[in-house]
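Visitor: File follows, coords35.csv with CSV, C-alpha atoms:
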```
chain,number,residue,atom,x,y,z
A,8,MET,CA,-2.2,-33.6,33.7
A,9,ASN,CA,-4.6,-33.2,30.8
A,10,PRO,CA,-3.1,-34.1,27.5
A,11,ASN,CA,-5.5,-31.7,25.7
A,12,ASP,CA,-4.2,-28.8,27.7
A,13,THR,CA,-0.6,-29.7,26.7
A,14,VAL,CA,-1.5,-30.0,23.1
A,15,ARG,CA,-3.3,-26.7,23.2
A,16,PHE,CA,-0.4,-25.0,24.9
A,17,LEU,CA,2.2,-26.4,22.4
A,18,LEU,CA,-0.1,-25.4,19.4
A,19,ALA,CA,-0.4,-21.9,20.7
A,20,VAL,CA,3.4,-21.6,21.4
A,21,GLY,CA,4.1,-22.9,17.9
A,22,LEU,CA,1.7,-20.3,16.3
A,23,PHE,CA,3.0,-17.5,18.6
A,24,PRO,CA,5.7,-16.3,16.2
A,25,VAL,CA,3.1,-16.2,13.4
A,26,MET,CA,0.8,-14.1,15.5
A,27,VAL,CA,3.6,-11.7,16.4
A,28,TRP,CA,4.6,-11.4,12.8
A,29,LEU,CA,1.0,-10.8,11.6
A,30,GLY,CA,0.6,-8.4,14.5
A,31,ARG,CA,2.7,-6.0,12.5
A,32,GLY,CA,-0.5,-5.2,10.8
A,33,ILE,CA,-1.6,-3.2,13.8
A,34,ARG,CA,-0.1,0.1,12.9
A,35,ALA,CA,-0.6,1.8,16.3
A,36,PRO,CA,2.7,1.1,18.2
A,37,ARG,CA,1.1,0.8,21.6
A,38,GLY,CA,-1.7,-1.4,20.1
A,39,ARG,CA,0.9,-3.7,18.6
A,40,ARG,CA,2.7,-4.1,21.9
A,41,ALA,CA,-0.5,-4.6,23.8
A,42,PHE,CA,-1.5,-7.3,21.2
A,43,ILE,CA,1.7,-9.1,21.9
A,44,VAL,CA,1.3,-8.8,25.6
A,45,GLY,CA,-2.3,-10.1,25.3
A,46,VAL,CA,-1.4,-13.1,23.2
A,47,THR,CA,1.6,-13.9,25.5
A,48,ALA,CA,-0.6,-13.7,28.6
A,49,ILE,CA,-3.2,-16.1,27.1
A,50,ILE,CA,-0.6,-18.5,26.0
A,51,ALA,CA,1.0,-18.3,29.4
A,52,GLY,CA,-2.5,-19.1,30.8
A,53,PHE,CA,-2.5,-22.2,28.6
A,54,GLY,CA,0.9,-23.2,30.0
A,55,MET,CA,-0.2,-22.6,33.6
A,56,GLN,CA,-3.1,-24.8,33.0
A,57,ALA,CA,-1.1,-27.5,31.2
A,58,PHE,CA,1.7,-27.7,33.8
A,59,GLY,CA,-0.1,-26.4,36.9
A,60,TYR,CA,0.0,-29.9,38.4
A,61,LEU,CA,3.7,-29.4,39.0
A,62,VAL,CA,3.2,-26.3,41.2
A,63,PRO,CA,2.5,-27.0,44.8
A,64,TRP,CA,0.5,-23.8,45.4
A,65,SER,CA,-3.3,-23.9,45.8
A,66,GLU,CA,-3.8,-20.4,44.4
A,67,TRP,CA,-2.0,-21.2,41.1
A,68,TRP,CA,-5.3,-21.7,39.3
A,69,LEU,CA,-6.6,-18.4,40.6
A,70,LEU,CA,-3.5,-16.7,39.2
A,71,ARG,CA,-4.1,-18.5,35.9
A,72,HIS,CA,-7.6,-16.9,35.6
A,73,PHE,CA,-6.2,-13.5,36.3
A,74,VAL,CA,-3.5,-14.0,33.7
A,75,PHE,CA,-6.3,-14.8,31.2
A,76,GLY,CA,-8.1,-11.7,32.4
A,77,LEU,CA,-4.9,-9.6,31.8
A,78,GLY,CA,-4.7,-11.1,28.3
A,79,GLY,CA,-8.3,-10.0,27.7
A,80,PHE,CA,-7.7,-6.5,28.9
A,81,ALA,CA,-4.5,-6.3,26.8
A,82,LEU,CA,-6.3,-7.4,23.7
A,83,ALA,CA,-9.1,-4.8,24.5
A,84,PHE,CA,-6.5,-2.1,24.8
A,85,ALA,CA,-4.9,-3.2,21.5
A,86,ALA,CA,-8.2,-3.1,19.7
A,87,TRP,CA,-8.9,0.3,21.2
A,88,GLN,CA,-5.6,1.7,20.1
A,89,ALA,CA,-6.1,0.2,16.6
A,90,ARG,CA,-9.5,1.9,16.5
A,91,GLY,CA,-8.1,5.2,17.5
A,92,TYR,CA,-5.4,4.9,14.9
A,93,GLU,CA,-8.0,4.1,12.2
A,94,LEU,CA,-10.2,7.0,13.1
A,95,SER,CA,-7.4,9.6,13.6
A,96,GLY,CA,-6.9,9.9,9.9
A,97,GLU,CA,-3.1,9.8,10.3
A,98,PRO,CA,-1.2,8.8,7.1
A,99,ARG,CA,-0.7,5.1,7.1
B,28,MET,CA,-13.6,-15.2,51.3
B,29,ASN,CA,-14.9,-18.7,51.0
B,30,ALA,CA,-14.0,-21.2,48.3
B,31,ALA,CA,-17.2,-20.6,46.3
B,32,ALA,CA,-16.7,-16.9,46.2
B,33,TRP,CA,-13.1,-17.3,45.2
B,34,SER,CA,-14.2,-19.6,42.4
B,35,ILE,CA,-16.7,-17.1,41.1
B,36,THR,CA,-14.1,-14.3,41.3
B,37,GLU,CA,-11.5,-16.2,39.4
B,38,ASP,CA,-14.1,-16.7,36.6
B,39,ILE,CA,-15.2,-13.1,36.7
B,40,ALA,CA,-11.6,-11.8,36.1
B,41,PRO,CA,-11.2,-13.3,32.6
B,42,MET,CA,-14.9,-12.7,31.8
B,43,LEU,CA,-14.6,-9.0,32.6
B,44,GLY,CA,-11.4,-8.7,30.6
B,45,PHE,CA,-12.9,-10.4,27.5
B,46,ALA,CA,-16.1,-8.5,27.9
B,47,VAL,CA,-14.1,-5.3,27.6
B,48,ALA,CA,-12.2,-6.8,24.7
B,49,LEU,CA,-15.5,-7.8,23.0
B,50,ILE,CA,-16.8,-4.2,23.3
B,51,ALA,CA,-13.5,-2.8,21.9
B,52,VAL,CA,-13.6,-5.3,19.0
B,53,LEU,CA,-17.2,-4.4,18.2
B,54,LEU,CA,-16.3,-0.8,18.1
B,55,LEU,CA,-13.6,-1.4,15.5
B,56,PRO,CA,-14.4,0.7,12.5
B,57,VAL,CA,-15.0,-1.0,9.1
B,58,ARG,CA,-14.5,1.6,6.4
B,59,PRO,CA,-13.1,1.8,3.0
B,60,GLY,CA,-9.3,2.1,3.1
B,61,GLY,CA,-9.3,1.0,6.7
B,62,ALA,CA,-7.3,-1.9,8.2
B,63,PHE,CA,-10.4,-3.8,9.4
B,64,SER,CA,-12.7,-5.7,7.2
B,65,ARG,CA,-15.9,-7.6,8.1
B,66,ALA,CA,-13.8,-10.8,8.0
B,67,SER,CA,-11.1,-9.7,10.4
B,68,LYS,CA,-13.7,-8.2,12.7
B,69,SER,CA,-15.8,-11.3,12.7
B,70,PHE,CA,-12.8,-13.5,13.6
B,71,PHE,CA,-11.8,-11.1,16.4
B,72,VAL,CA,-15.4,-11.2,17.7
B,73,ALA,CA,-15.4,-15.0,17.5
B,74,SER,CA,-12.0,-15.3,19.3
B,75,THR,CA,-13.2,-13.1,22.1
B,76,MET,CA,-16.5,-14.9,22.3
B,77,CYS,CA,-14.6,-18.2,22.9
B,78,TYR,CA,-13.3,-17.0,26.3
B,79,PHE,CA,-16.5,-15.0,27.0
B,80,VAL,CA,-18.6,-18.1,26.6
B,81,SER,CA,-16.1,-20.3,28.4
B,82,ALA,CA,-16.0,-18.0,31.5
B,83,GLY,CA,-19.8,-17.6,31.4
B,84,VAL,CA,-20.4,-21.4,31.4
B,85,SER,CA,-17.9,-21.7,34.3
B,86,ILE,CA,-19.8,-19.0,36.3
B,87,LEU,CA,-23.1,-20.6,35.5
B,88,GLY,CA,-21.8,-23.9,36.7
B,89,HIS,CA,-21.6,-22.4,40.2
B,90,PHE,CA,-25.4,-21.8,40.2
B,91,MET,CA,-26.7,-24.7,38.2
B,92,THR,CA,-25.7,-28.0,37.0
B,93,MET,CA,-24.3,-27.8,33.5
B,94,PRO,CA,-24.7,-30.7,31.1
B,95,ALA,CA,-21.6,-32.8,30.7
B,96,GLU,CA,-21.7,-32.2,26.9
B,97,VAL,CA,-21.4,-28.4,27.5
B,98,THR,CA,-18.5,-28.6,30.0
B,99,SER,CA,-16.6,-31.2,28.0
B,100,VAL,CA,-16.7,-29.0,24.9
B,101,MET,CA,-15.4,-25.9,26.7
B,102,PRO,CA,-11.7,-26.8,26.3
B,103,LEU,CA,-12.2,-27.1,22.6
B,104,VAL,CA,-14.0,-23.7,22.6
B,105,GLU,CA,-11.0,-22.2,24.3
B,106,LEU,CA,-8.7,-23.9,21.8
B,107,LEU,CA,-10.6,-22.2,19.0
B,108,TRP,CA,-9.3,-18.9,20.2
B,109,VAL,CA,-5.9,-19.7,18.6
B,110,PRO,CA,-7.1,-20.2,14.9
B,111,PHE,CA,-9.8,-17.4,15.3
B,112,ILE,CA,-7.4,-14.7,16.4
B,113,LEU,CA,-4.8,-16.0,13.9
B,114,PHE,CA,-7.3,-15.7,11.0
B,115,GLY,CA,-8.4,-12.3,12.3
B,116,VAL,CA,-4.9,-10.9,12.4
B,117,TYR,CA,-4.1,-12.4,9.0
B,118,ALA,CA,-7.2,-10.9,7.5
B,119,MET,CA,-6.3,-7.5,9.0
B,120,TYR,CA,-2.7,-7.8,7.7
B,121,SER,CA,-3.9,-8.8,4.2
B,122,GLN,CA,-6.4,-5.9,4.1
B,123,GLN,CA,-3.6,-3.5,5.0
B,124,GLN,CA,-1.3,-5.0,2.3
B,125,LEU,CA,-4.2,-4.5,-0.2
B,126,ASN,CA,-4.8,-1.0,1.0
B,127,ASP,CA,-1.1,-0.2,0.6
B,128,ALA,CA,-1.2,-1.6,-3.0
B,129,VAL,CA,-4.2,0.5,-3.8
B,130,GLU,CA,-2.7,3.6,-2.3
B,131,ALA,CA,0.5,3.0,-4.3
B,132,ARG,CA,-1.5,2.7,-7.5
B,133,HIS,CA,-3.4,5.9,-6.7
B,134,ALA,CA,0.0,7.6,-6.0
B,135,VAL,CA,1.3,6.5,-9.4
B,136,ALA,CA,-1.8,7.7,-11.1
B,137,ARG,CA,-1.6,11.1,-9.3
B,138,SER,CA,2.0,11.4,-10.3
B,139,GLY,CA,1.1,10.5,-13.9
B,140,GLU,CA,-1.6,13.1,-14.0
B,141,MET,CA,0.8,15.7,-12.7
B,142,LEU,CA,3.4,14.8,-15.2
B,143,GLU,CA,0.8,14.9,-18.0
B,144,SER,CA,-0.3,18.4,-17.0
B,145,VAL,CA,3.3,19.5,-16.9
B,146,MET,CA,3.9,18.0,-20.3
B,147,ALA,CA,0.7,19.7,-21.7
B,148,MET,CA,1.7,23.1,-20.3
B,149,THR,CA,5.4,23.2,-21.2
B,150,PRO,CA,6.4,25.4,-24.1
B,151,ALA,CA,9.0,22.9,-25.4
B,152,GLY,CA,8.2,19.8,-27.4
B,153,VAL,CA,8.8,16.6,-25.6
B,154,VAL,CA,8.8,13.1,-27.1
B,155,VAL,CA,9.7,9.7,-25.8
B,156,LEU,CA,11.5,7.5,-28.2
B,157,ASP,CA,11.9,3.7,-28.3
B,158,PRO,CA,15.3,2.2,-29.1
B,159,ASP,CA,14.4,2.3,-32.8
B,160,GLY,CA,13.7,6.0,-32.7
B,161,LYS,CA,10.0,5.7,-33.0
B,162,ILE,CA,7.9,8.2,-31.1
B,163,THR,CA,5.9,6.5,-28.3
B,164,PHE,CA,4.7,9.7,-26.6
B,165,ALA,CA,4.5,13.3,-27.8
B,166,ASN,CA,3.2,16.3,-25.8
B,167,PRO,CA,1.0,18.9,-27.5
B,168,GLU,CA,3.9,21.2,-28.4
B,169,ALA,CA,5.8,18.3,-30.0
B,170,ARG,CA,2.6,17.4,-32.0
B,171,ARG,CA,2.4,21.0,-33.2
B,172,LEU,CA,6.1,21.1,-34.2
B,173,LEU,CA,6.1,17.7,-35.9
B,174,ASP,CA,2.6,18.1,-37.3
B,175,LEU,CA,1.3,15.0,-35.6
B,176,ALA,CA,-2.4,14.3,-35.3
B,177,ASP,CA,-3.8,13.4,-31.9
B,178,GLY,CA,-3.1,9.7,-31.1
B,179,GLN,CA,-0.8,9.4,-34.1
B,180,ALA,CA,2.4,9.1,-32.1
B,181,ALA,CA,1.9,5.8,-30.6
B,182,ASP,CA,1.1,3.8,-33.7
B,183,MET,CA,3.0,6.0,-36.2
B,184,GLU,CA,5.0,3.6,-38.5
B,185,VAL,CA,6.4,5.9,-41.2
B,186,PRO,CA,5.8,9.6,-40.7
B,187,GLU,CA,5.8,12.0,-43.6
B,188,TRP,CA,8.8,14.0,-42.3
B,189,SER,CA,12.4,13.0,-42.3
B,190,VAL,CA,15.0,13.9,-39.7
B,191,SER,CA,18.6,14.8,-40.3
B,192,LEU,CA,21.2,15.9,-37.7
B,193,GLY,CA,22.6,19.4,-38.1
B,194,ASP,CA,21.3,22.6,-39.8
B,195,TYR,CA,19.6,22.0,-43.1
B,196,ARG,CA,22.5,23.7,-44.9
B,197,GLU,CA,25.1,21.2,-43.5
B,198,ALA,CA,22.6,18.5,-42.8
B,199,THR,CA,23.7,14.9,-43.2
B,200,GLU,CA,22.8,13.2,-46.4
B,201,GLU,CA,21.1,10.4,-44.6
B,202,ARG,CA,17.5,11.3,-43.7
B,203,ARG,CA,15.5,9.1,-41.5
B,204,HIS,CA,11.8,8.7,-41.0
B,205,ASP,CA,12.4,8.2,-37.3
B,206,MET,CA,14.6,9.7,-34.6
B,207,ARG,CA,17.1,6.9,-34.0
B,208,ASP,CA,19.9,9.4,-34.3
B,209,LEU,CA,18.8,10.9,-31.1
B,210,VAL,CA,18.8,7.6,-29.2
B,211,GLY,CA,22.2,6.7,-27.8
B,212,PRO,CA,24.0,6.0,-24.6
B,213,GLU,CA,25.1,9.6,-24.1
B,214,PRO,CA,22.8,12.6,-23.8
B,215,LEU,CA,22.7,15.2,-26.5
B,216,LEU,CA,22.9,18.9,-25.6
B,217,ASN,CA,21.8,21.7,-28.0
B,218,GLN,CA,21.9,19.4,-31.0
B,219,SER,CA,20.7,21.0,-34.2
B,220,VAL,CA,18.1,18.9,-36.0
B,221,THR,CA,16.3,19.6,-39.2
B,222,VAL,CA,12.9,18.1,-39.8
B,223,GLY,CA,11.9,18.2,-43.5
B,224,TRP,CA,8.5,17.5,-45.1
B,225,PRO,CA,8.0,16.2,-48.7
B,226,ASN,CA,6.7,19.6,-49.8
B,227,GLY,CA,10.0,21.3,-48.8
B,228,TRP,CA,8.7,22.7,-45.6
B,229,ARG,CA,11.4,22.5,-42.9
B,230,ARG,CA,11.7,23.1,-39.2
B,231,ARG,CA,15.0,23.6,-37.5
B,232,LEU,CA,15.0,22.3,-33.9
B,233,ILE,CA,17.4,22.5,-31.0
B,234,VAL,CA,17.2,19.2,-29.2
B,235,ASN,CA,18.3,17.9,-25.8
B,236,THR,CA,18.0,14.2,-25.0
B,237,THR,CA,18.3,12.0,-22.0
B,238,PRO,CA,18.9,8.3,-22.6
B,239,LEU,CA,16.5,5.8,-21.0
B,240,ALA,CA,17.9,2.5,-19.7
B,241,HIS,CA,16.4,-0.8,-18.7
B,242,ASP,CA,17.1,-2.3,-15.3
B,243,ASP,CA,19.7,-4.5,-16.9
B,244,GLY,CA,21.5,-1.5,-18.4
B,245,GLY,CA,20.1,-2.0,-22.0
B,246,GLN,CA,19.0,0.9,-24.1
B,247,ALA,CA,15.3,1.6,-23.6
B,248,GLY,CA,15.1,4.7,-25.7
B,249,ALA,CA,15.4,8.4,-25.0
B,250,VAL,CA,13.5,11.4,-23.9
B,251,ALA,CA,14.0,14.3,-26.3
B,252,ALA,CA,13.0,17.9,-25.6
B,253,PHE,CA,13.2,20.5,-28.3
B,254,VAL,CA,12.3,24.0,-29.3
B,255,GLU,CA,12.2,25.6,-32.7
B,256,ARG,CA,15.5,27.3,-33.5
B,257,GLU,CA,14.0,30.1,-35.6
B,258,PRO,CA,10.3,30.3,-35.1
B,259,TRP,CA,8.5,31.2,-38.2
B,260,SER,CA,7.1,34.7,-38.2
B,261,PRO,CA,5.3,36.6,-41.0
B,262,PRO,CA,7.7,39.0,-42.9
B,263,ARG,CA,7.6,42.6,-41.7
B,264,ARG,CA,6.5,45.3,-44.1
B,265,ALA,CA,9.3,47.8,-43.8
B,266,ASP,CA,7.7,50.4,-46.0
B,267,ALA,CA,8.8,53.8,-44.6
B,268,SER,CA,6.3,55.7,-46.7
B,269,LYS,CA,3.4,54.1,-44.9
B,270,ARG,CA,4.7,54.9,-41.4
B,271,PRO,CA,2.6,57.3,-39.5
B,272,SER,CA,4.1,60.8,-39.2
B,273,GLY,CA,6.1,61.5,-36.1
B,274,THR,CA,7.7,58.1,-35.8
B,275,SER,CA,11.3,57.4,-36.2
B,276,ASN,CA,13.7,54.5,-36.2
```
Write out the structure in this file as structure tokens.
Guide:
Amino acid sequence: MNPNDTVRFLLAVGLFPVMVWLGRGIRAPRGRRAFIVGVTAIIAGFGMQAFGYLVPWSEWWLLRHFVFGLGGFALAFAAWQARGYELSGEPR
Amino acid sequence: MNAAAWSITEDIAPMLGFAVALIAVLLLPVRPGGAFSRASKSFFVASTMCYFVSAGVSILGHFMTMPAEVTSVMPLVELLWVPFILFGVYAMYSQQQLNDAVEARHAVARSGEMLESVMAMTPAGVVVLDPDGKITFANPEARRLLDLADGQAADMEVPEWSVSLGDYREATEERRHDMRDLVGPEPLLNQSVTVGWPNGWRRRLIVNTTPLAHDDGGQAGAVAAFVEREPWSPPRRADASKRPSGTSN
């Protein structure tokens, strides 16, 4: 158990509602959902790292990296949707 | 797959994801009126770079010995993702709020311009009165009917003319140098009003008013629209001897 990982996880969980609330600024609906998925995945990765020592499964750490990867792709999708919404000229 | 290959694979997964995120973030458009500013884009790039660098250092660690200072700082770099993405989203949110406020201001300005053009083109005189009956706005036709100079309405203290309710024959005795008789809680419909000038010149107007109220219900004035009851016209020359031949009544 690494105390730094626990602190990071708790900090991220505490700021999660703020991120979701501010995520309303992403006007593209799918982009907003993808942003929440991405943030959730990365915070889940923090949690998997903080409390992984409780899981008796050797591939747990591998799964954690893929969860981080999923978070990265979700944030990329959110950014792509936001870009399309910005360039589409739709009334905001 | 051996342990070393698995180890690289598990680092490649997040690195690939955040590489795509980095490209997507770099392609975010920064344009006037858009949601993304240079600040929000910079924070998004920084937050994505945190994981990009962390995964990169981890992959490099499989091929070379990384200094302990670098590997020890990596958890802090990952931690920076939280404030960076928070600042980025906050900057984007603030930019959109600012854009909405600017857009609302432009909409009000456009609405004002449209109202101003309608006021300029309407054949009726329209004035806005404050609770004391002083004119705070007058359209061109109202300026013509009330003989107001341009820009005079807003700062006019005591006009030359006086106003009395009713036709001039049965006009009330009390004549006012303002229009406070037209300001009241109830609207007026087809109210005859006589406007008289010191030289005896008179205009008879038909006035409709709509009261204006503050949010708390207090009297804020009124909007009065009026037309001239009997527009002045030059007298006809009804001289039958000068009529051309062949014409009849």
Visitor: Please identify every residue of chain A that has at least one atom no farther than 7 Å from an atom of chain B, counting only C-alpha atoms, and for each give the shortest atom pair and the distance in Å to one decimal, arranged by chain then increasing number, as a tab-separated table.
Guide:
```
residue	atom	partner	partner_atom	distance
A:Arg15	CA	B:Leu106	CA	6.2
A:Ala19	CA	B:Val109	CA	6.3
A:Met26	CA	B:Leu113	CA	6.1
A:Leu29	CA	B:Tyr117	CA	5.9
A:Gly30	CA	B:Val116	CA	6.4
A:Gly32	CA	B:Tyr120	CA	4.6
A:Leu69	CA	B:Glu37	CA	5.5
A:His72	CA	B:Glu37	CA	5.5
A:Phe73	CA	B:Ala40	CA	5.7
A:Phe75	CA	B:Pro41	CA	5.3
A:Gly76	CA	B:Pro41	CA	3.5
A:Leu77	CA	B:Gly44	CA	6.7
A:Gly79	CA	B:Gly44	CA	4.4
A:Phe80	CA	B:Gly44	CA	4.6
A:Leu82	CA	B:Ala48	CA	6.0
A:Ala83	CA	B:Ala48	CA	3.7
A:Ala86	CA	B:Ala51	CA	5.7
A:Trp87	CA	B:Ala51	CA	5.6
A:Arg90	CA	B:Leu55	CA	5.4
A:Glu93	CA	B:Gly61	CA	6.4
```
Visitor: Pick out the residues sitting within 8 Å of Ala89 (chain A), and hand them over as a list in words; count only C-alpha atoms, and ignore anything fewer than 6 positions along from it in its own chain.
Guide: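 Once the nearby chain positions are removed, what remains is Ile33, Arg34, Ala35 and Gly38 of chain A; Leu55 of chain B.
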Visitor: From the set B:Leu87, B:Leu232, B:Leu125, B:Val104, which residue has the shortest atom-to-atom contact distance to Ser64 (chain B), counting only C-alpha atoms?
Guide: B:Leu125
Visitor: Rounded to one decimal in Å, what is the spacing between CA of Glu66 (chain A) and CA of Glu96 (chain B)?
Guide: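 These atoms are spaced 27.7 Å apart.
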Visitor: Distance cut-off 7 Å, centre (-3.0, -30.1, 31.9) in file coordinates, counting all atoms listed in the file: which residues qualify? Return them as a PyMOL selection string.
Guide: chain A and resi 8-13+56-59
Visitor: Which value, in Å to one decimal, gives the distance between CA of Ser99 (chain B) and CA of Trp64 (chain A)?
Guide: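 Computed distance, CA of Ser99 (chain B) to CA of Trp64 (chain A), equals 25.5 Å.
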Visitor: Do you have the CA of Phe111 (chain B)-CA of Leu17 (chain A) distance handy?
Guide: 16.6 Å
